[in-house]
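In what follows, a single structure is set out as structure tokens and then discussed.
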Amino acid sequence: MQIVTPTLELLPDFVLALREGFAPGTVNPARVRQDAFDRIASDPVLYIAQMTDPEAAGPDVQLPNGQIVKRLPGMTKWMWDDGFVGMISLRWQPGTDELPPHVLGHIGYAVAEWKQRRGYATQALAQMLDLARAQGLGSVQITTTPDNLASQKVILNNGGVLEYDGPAPEEQGGGPLLRYRIGL
Ligand SMILES: CC(C)(COP(=O)(O)OP(=O)(O)OC[C@H]1O[C@@H](n2cnc3c(N)ncnc32)[C@H](O)[C@@H]1OP(=O)(O)O)[C@@H](O)C(=O)NCCC(=O)NCCS
């Protein structure tokens with residue numbers, strides 16, 4: 001499995017995964033899935049272009065509480081193993097390992113349900129850490145929830161150290177949150 005830069009050539013397989021129920025995000029998955037359908041239908045070239053956005057040129061982001069914030073520089077890769085497996089994304093603030101308080105971690109990932117429990121997310125995170133290091137980051141934060149044992153294991157498998165166990169920021173709904181840090 002390799003994490004690859006999304007292209008128009010690979011897009012049909014991604015759309016197939018969306019149709020099968022894959023959601024390319026974890027906060028409000030139904031909304032992110034519908035949003036991906038809509039954006040691909042209206043401009044597939046732009047959709048693919050915005051997957052690689054180191055200058056934060058993409059549109060503003062709406063938080064779960066409705067607040068609109070500026071997008072951070074970022075990139076999304078697709079996990080690919082003879083077909084679409086999942087997605088993993090990285091975002092960062094230039095010049096620092098820290099993030100604005102409303103941002104839940106540097107890295108997010110999701111594996112299609114029918115591809116889970118085969119080590120893909122663990123491998124994808126290892127590969128994304130190399131890209132984070134290449135961006136100049138010295139460490140990354142990754143957040144998950146206490147009930148997401150799979151995600152906790154993915155983080156621990158990659159050297160994550162728990163640094164926060166408490167409520168999420170208000171803008172993100174205030175639910176229980178675990179935040180890990182991985183040194184690069
Ligand atoms: C979290 C997620 C990305 C894990 O993907 P994955 O490819 O199945 O993960 P891996 O195969 O690398 O598994 C990592 C570990 O978690 C374990 N695991 C996987 N799914 C599990 C589950 N449902 N319950 C308990 N453990 C699980 C694996 O057995 C493995 O354990 P090991 O390290 O002891 O061998 C996937 O479950 C997913 O997409 N979930 C929905 C989106 C999500 O929650 N994203 C993370 C947001 S923080």
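Residues in the structure tokens are numbered from 1 in each chain, the chains being A, B, ... in the order shown, and ligands are numbered from 1 in the order shown.
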Using only C-alpha atoms and all ligand atoms, which protein or nucleic acid residues are at most 10 Å from ligand 1, as a ChimeraX atom specification?
/A:22-27,29,79,85-88,104-105,107-125,142-158,177-179
Can those selected residues be exported to a file as a compact mmCIF listing (two decimals), in the first residue's frame so that it contains N, CA and C atoms?
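Saved the output as result05.txt:
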```txt
# COMPACT_ATOMS: atom_id res chain seq x y z
N PHE A 22 -18.24 5.20 1.74
CA PHE A 22 -17.03 5.75 2.35
C PHE A 22 -17.20 7.25 2.61
N ALA A 23 -16.79 7.70 3.80
CA ALA A 23 -16.82 9.14 4.12
C ALA A 23 -15.39 9.63 4.30
N PRO A 24 -14.96 10.62 3.49
CA PRO A 24 -13.58 11.08 3.56
C PRO A 24 -13.35 12.08 4.69
N GLY A 25 -13.77 11.74 5.90
CA GLY A 25 -13.60 12.58 7.08
C GLY A 25 -14.36 11.95 8.22
N THR A 26 -14.07 12.38 9.44
CA THR A 26 -14.69 11.70 10.58
C THR A 26 -15.65 12.58 11.37
N VAL A 27 -15.46 13.91 11.30
CA VAL A 27 -16.40 14.78 11.99
C VAL A 27 -17.58 15.01 11.03
N PRO A 29 -19.51 12.61 9.26
CA PRO A 29 -19.19 11.88 8.03
C PRO A 29 -20.25 11.99 6.93
N MET A 79 -4.93 6.30 0.15
CA MET A 79 -4.26 5.01 0.36
C MET A 79 -4.65 4.14 -0.84
N VAL A 85 -8.28 2.54 -1.04
CA VAL A 85 -8.36 1.93 0.29
C VAL A 85 -8.90 2.92 1.33
N GLY A 86 -8.40 4.18 1.26
CA GLY A 86 -8.79 5.16 2.27
C GLY A 86 -8.10 6.48 2.00
N MET A 87 -8.28 7.43 2.94
CA MET A 87 -7.64 8.73 2.78
C MET A 87 -6.91 9.10 4.07
N ILE A 88 -5.91 9.96 3.89
CA ILE A 88 -5.17 10.49 5.05
C ILE A 88 -4.78 11.91 4.72
N LEU A 104 -8.36 20.06 15.39
CA LEU A 104 -8.19 18.78 16.08
C LEU A 104 -7.08 17.95 15.42
N GLY A 105 -5.85 18.36 15.59
CA GLY A 105 -4.73 17.52 15.15
C GLY A 105 -4.23 17.83 13.76
N ILE A 107 -3.13 15.39 11.63
CA ILE A 107 -3.36 14.29 10.68
C ILE A 107 -4.71 13.63 10.96
N GLY A 108 -5.47 13.40 9.89
CA GLY A 108 -6.73 12.66 10.01
C GLY A 108 -6.74 11.56 8.96
N TYR A 109 -7.44 10.48 9.24
CA TYR A 109 -7.45 9.35 8.29
C TYR A 109 -8.75 8.57 8.41
N ALA A 110 -9.08 7.89 7.33
CA ALA A 110 -10.24 7.00 7.32
C ALA A 110 -9.99 5.91 6.29
N VAL A 111 -10.32 4.69 6.65
CA VAL A 111 -10.16 3.53 5.76
C VAL A 111 -11.56 3.01 5.43
N ALA A 112 -11.78 2.69 4.16
CA ALA A 112 -13.10 2.14 3.76
C ALA A 112 -13.41 0.92 4.62
N GLU A 113 -14.66 0.84 5.03
CA GLU A 113 -15.05 -0.21 5.99
C GLU A 113 -14.62 -1.60 5.52
N TRP A 114 -14.72 -1.84 4.21
CA TRP A 114 -14.43 -3.17 3.66
C TRP A 114 -12.93 -3.41 3.51
N LYS A 115 -12.10 -2.42 3.92
CA LYS A 115 -10.63 -2.59 3.85
C LYS A 115 -9.99 -2.50 5.24
N GLN A 116 -10.83 -2.41 6.28
CA GLN A 116 -10.29 -2.20 7.62
C GLN A 116 -9.66 -3.47 8.19
N ARG A 117 -8.86 -3.28 9.25
CA ARG A 117 -8.21 -4.36 10.01
C ARG A 117 -7.21 -5.14 9.17
N ARG A 118 -6.54 -4.46 8.25
CA ARG A 118 -5.48 -5.11 7.47
C ARG A 118 -4.17 -4.34 7.61
N GLY A 119 -4.11 -3.42 8.57
CA GLY A 119 -2.87 -2.66 8.79
C GLY A 119 -2.71 -1.44 7.91
N TYR A 120 -3.73 -1.11 7.11
CA TYR A 120 -3.57 0.00 6.16
C TYR A 120 -3.39 1.35 6.86
N ALA A 121 -4.22 1.65 7.88
CA ALA A 121 -4.10 2.97 8.52
C ALA A 121 -2.75 3.11 9.22
N THR A 122 -2.29 2.03 9.84
CA THR A 122 -0.98 2.07 10.52
C THR A 122 0.13 2.39 9.50
N GLN A 123 0.09 1.72 8.35
CA GLN A 123 1.10 1.97 7.31
C GLN A 123 0.97 3.38 6.74
N ALA A 124 -0.27 3.81 6.53
CA ALA A 124 -0.49 5.14 5.93
C ALA A 124 0.02 6.23 6.85
N LEU A 125 -0.21 6.07 8.16
CA LEU A 125 0.29 7.10 9.09
C LEU A 125 1.82 7.13 9.07
N ILE A 142 -2.13 14.30 17.09
CA ILE A 142 -3.25 13.57 16.48
C ILE A 142 -4.29 13.35 17.56
N THR A 143 -5.54 13.66 17.23
CA THR A 143 -6.59 13.49 18.24
C THR A 143 -7.53 12.36 17.83
N THR A 144 -8.11 11.75 18.85
CA THR A 144 -9.16 10.76 18.62
C THR A 144 -10.07 10.77 19.83
N THR A 145 -11.00 9.83 19.88
CA THR A 145 -11.92 9.80 21.02
C THR A 145 -11.68 8.52 21.83
N PRO A 146 -12.05 8.52 23.12
CA PRO A 146 -11.78 7.35 23.96
C PRO A 146 -12.43 6.07 23.43
N ASP A 147 -13.54 6.18 22.67
CA ASP A 147 -14.19 4.96 22.18
C ASP A 147 -13.58 4.46 20.86
N ASN A 148 -12.66 5.21 20.26
CA ASN A 148 -12.08 4.81 18.97
C ASN A 148 -10.78 4.04 19.19
N LEU A 149 -10.95 2.76 19.59
CA LEU A 149 -9.77 1.94 19.93
C LEU A 149 -8.88 1.72 18.72
N ALA A 150 -9.48 1.56 17.54
CA ALA A 150 -8.68 1.33 16.33
C ALA A 150 -7.76 2.52 16.07
N SER A 151 -8.32 3.73 16.15
CA SER A 151 -7.49 4.91 15.88
C SER A 151 -6.40 5.07 16.96
N GLN A 152 -6.76 4.79 18.22
CA GLN A 152 -5.73 4.86 19.28
C GLN A 152 -4.57 3.92 18.96
N LYS A 153 -4.91 2.70 18.48
CA LYS A 153 -3.85 1.73 18.18
C LYS A 153 -2.99 2.20 17.01
N VAL A 154 -3.65 2.78 16.00
CA VAL A 154 -2.90 3.30 14.84
C VAL A 154 -1.86 4.32 15.32
N ILE A 155 -2.28 5.19 16.24
CA ILE A 155 -1.38 6.24 16.75
C ILE A 155 -0.27 5.61 17.60
N LEU A 156 -0.65 4.71 18.51
CA LEU A 156 0.35 4.06 19.37
C LEU A 156 1.34 3.25 18.54
N ASN A 157 0.85 2.57 17.49
CA ASN A 157 1.74 1.79 16.61
C ASN A 157 2.81 2.67 15.98
N ASN A 158 2.52 3.99 15.88
CA ASN A 158 3.45 4.92 15.25
C ASN A 158 4.17 5.80 16.27
N LEU A 177 -12.09 13.82 24.40
CA LEU A 177 -11.03 13.88 23.39
C LEU A 177 -9.72 13.35 23.97
N LEU A 178 -8.99 12.61 23.16
CA LEU A 178 -7.61 12.22 23.49
C LEU A 178 -6.70 12.88 22.47
N ARG A 179 -5.61 13.48 22.96
CA ARG A 179 -4.66 14.07 22.01
C ARG A 179 -3.28 13.46 22.25
```
Just list the residues in region 52-125 of chain A DSSP gives helix (DSSP H, G or I) on the backbone, as a tab-separated table (two decimals) with N, CA and C atoms, in the first residue's frame.
```tsv
chain	number	residue	atom	x	y	z
A	113	GLU	N	-14.66	0.84	5.03
A	113	GLU	CA	-15.05	-0.21	5.99
A	113	GLU	C	-14.62	-1.60	5.52
A	114	TRP	N	-14.72	-1.84	4.21
A	114	TRP	CA	-14.43	-3.17	3.66
A	114	TRP	C	-12.93	-3.41	3.51
A	115	LYS	N	-12.10	-2.42	3.92
A	115	LYS	CA	-10.63	-2.59	3.85
A	115	LYS	C	-9.99	-2.50	5.24
A	120	TYR	N	-3.73	-1.11	7.11
A	120	TYR	CA	-3.57	0.00	6.16
A	120	TYR	C	-3.39	1.35	6.86
A	121	ALA	N	-4.22	1.65	7.88
A	121	ALA	CA	-4.10	2.97	8.52
A	121	ALA	C	-2.75	3.11	9.22
A	122	THR	N	-2.29	2.03	9.84
A	122	THR	CA	-0.98	2.07	10.52
A	122	THR	C	0.13	2.39	9.50
A	123	GLN	N	0.09	1.72	8.35
A	123	GLN	CA	1.10	1.97	7.31
A	123	GLN	C	0.97	3.38	6.74
A	124	ALA	N	-0.27	3.81	6.53
A	124	ALA	CA	-0.49	5.14	5.93
A	124	ALA	C	0.02	6.23	6.85
A	125	LEU	N	-0.21	6.07	8.16
A	125	LEU	CA	0.29	7.10	9.09
A	125	LEU	C	1.82	7.13	9.07
```
Would you pick out the contacts of Ser89 (chain A) at 9 Å or less, using only C-alpha atoms, so that residues sharing its chain but fewer than 4 positions from it are not included, and give the list as a ChimeraX atom specification?
/A:51,74-78,106-109,128
How about saving the chosen residues, C-alpha atoms kept, as a PDB file, in the first residue's frame?
```pdb
ATOM      1  CA  MET A  51      -6.231  17.861  -2.451  1.00  0.00           C
ATOM      2  CA  GLY A  74      -2.574  20.971   3.921  1.00  0.00           C
ATOM      3  CA  MET A  75      -2.546  17.933   1.685  1.00  0.00           C
ATOM      4  CA  THR A  76      -4.712  14.861   1.293  1.00  0.00           C
ATOM      5  CA  LYS A  77      -3.388  11.544   0.017  1.00  0.00           C
ATOM      6  CA  TRP A  78      -5.294   8.430  -0.946  1.00  0.00           C
ATOM      7  CA  HIS A 106      -2.338  17.606  12.224  1.00  0.00           C
ATOM      8  CA  ILE A 107      -3.362  14.294  10.680  1.00  0.00           C
ATOM      9  CA  GLY A 108      -6.733  12.664  10.007  1.00  0.00           C
ATOM     10  CA  TYR A 109      -7.447   9.352   8.295  1.00  0.00           C
ATOM     11  CA  MET A 128       2.424  10.503   6.214  1.00  0.00           C
TER      12      MET A 128
END
```
Hey, can you check how far CA of Asp35 (chain A) sits from CA of Tyr180 (chain A)?
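Computed distance, CA of Asp35 (chain A) to CA of Tyr180 (chain A), equals 28.5 Å.
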Could you please determine the separation between CA of Leu162 (chain A) and CA of Arg71 (chain A) in Å, to one decimal place?
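Going from CA of Leu162 (chain A) over to CA of Arg71 (chain A) covers 26.1 Å.
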Point out the residue among A:Ala134, A:Val140, A:Val103, A:Val61 with the least atom-to-atom distance to Gln172 (chain A), counting only C-alpha atoms.
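Once distances to Gln172 (chain A) are computed over only C-alpha atoms, the minimum belongs to A:Val103.
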How many Å separate CA of Asp97 (chain A) from CA of Val4 (chain A)?
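We find that CA of Asp97 (chain A) and CA of Val4 (chain A) lie 24.0 Å from each other.
For region 89-138 of chain A, backbone-based DSSP assignment of strand (DSSP E or B) covers Ser89, Leu90, Arg91, Gln93, Thr96, Ile107, Gly108, Tyr109, Ala110 and Val111 of chain A.
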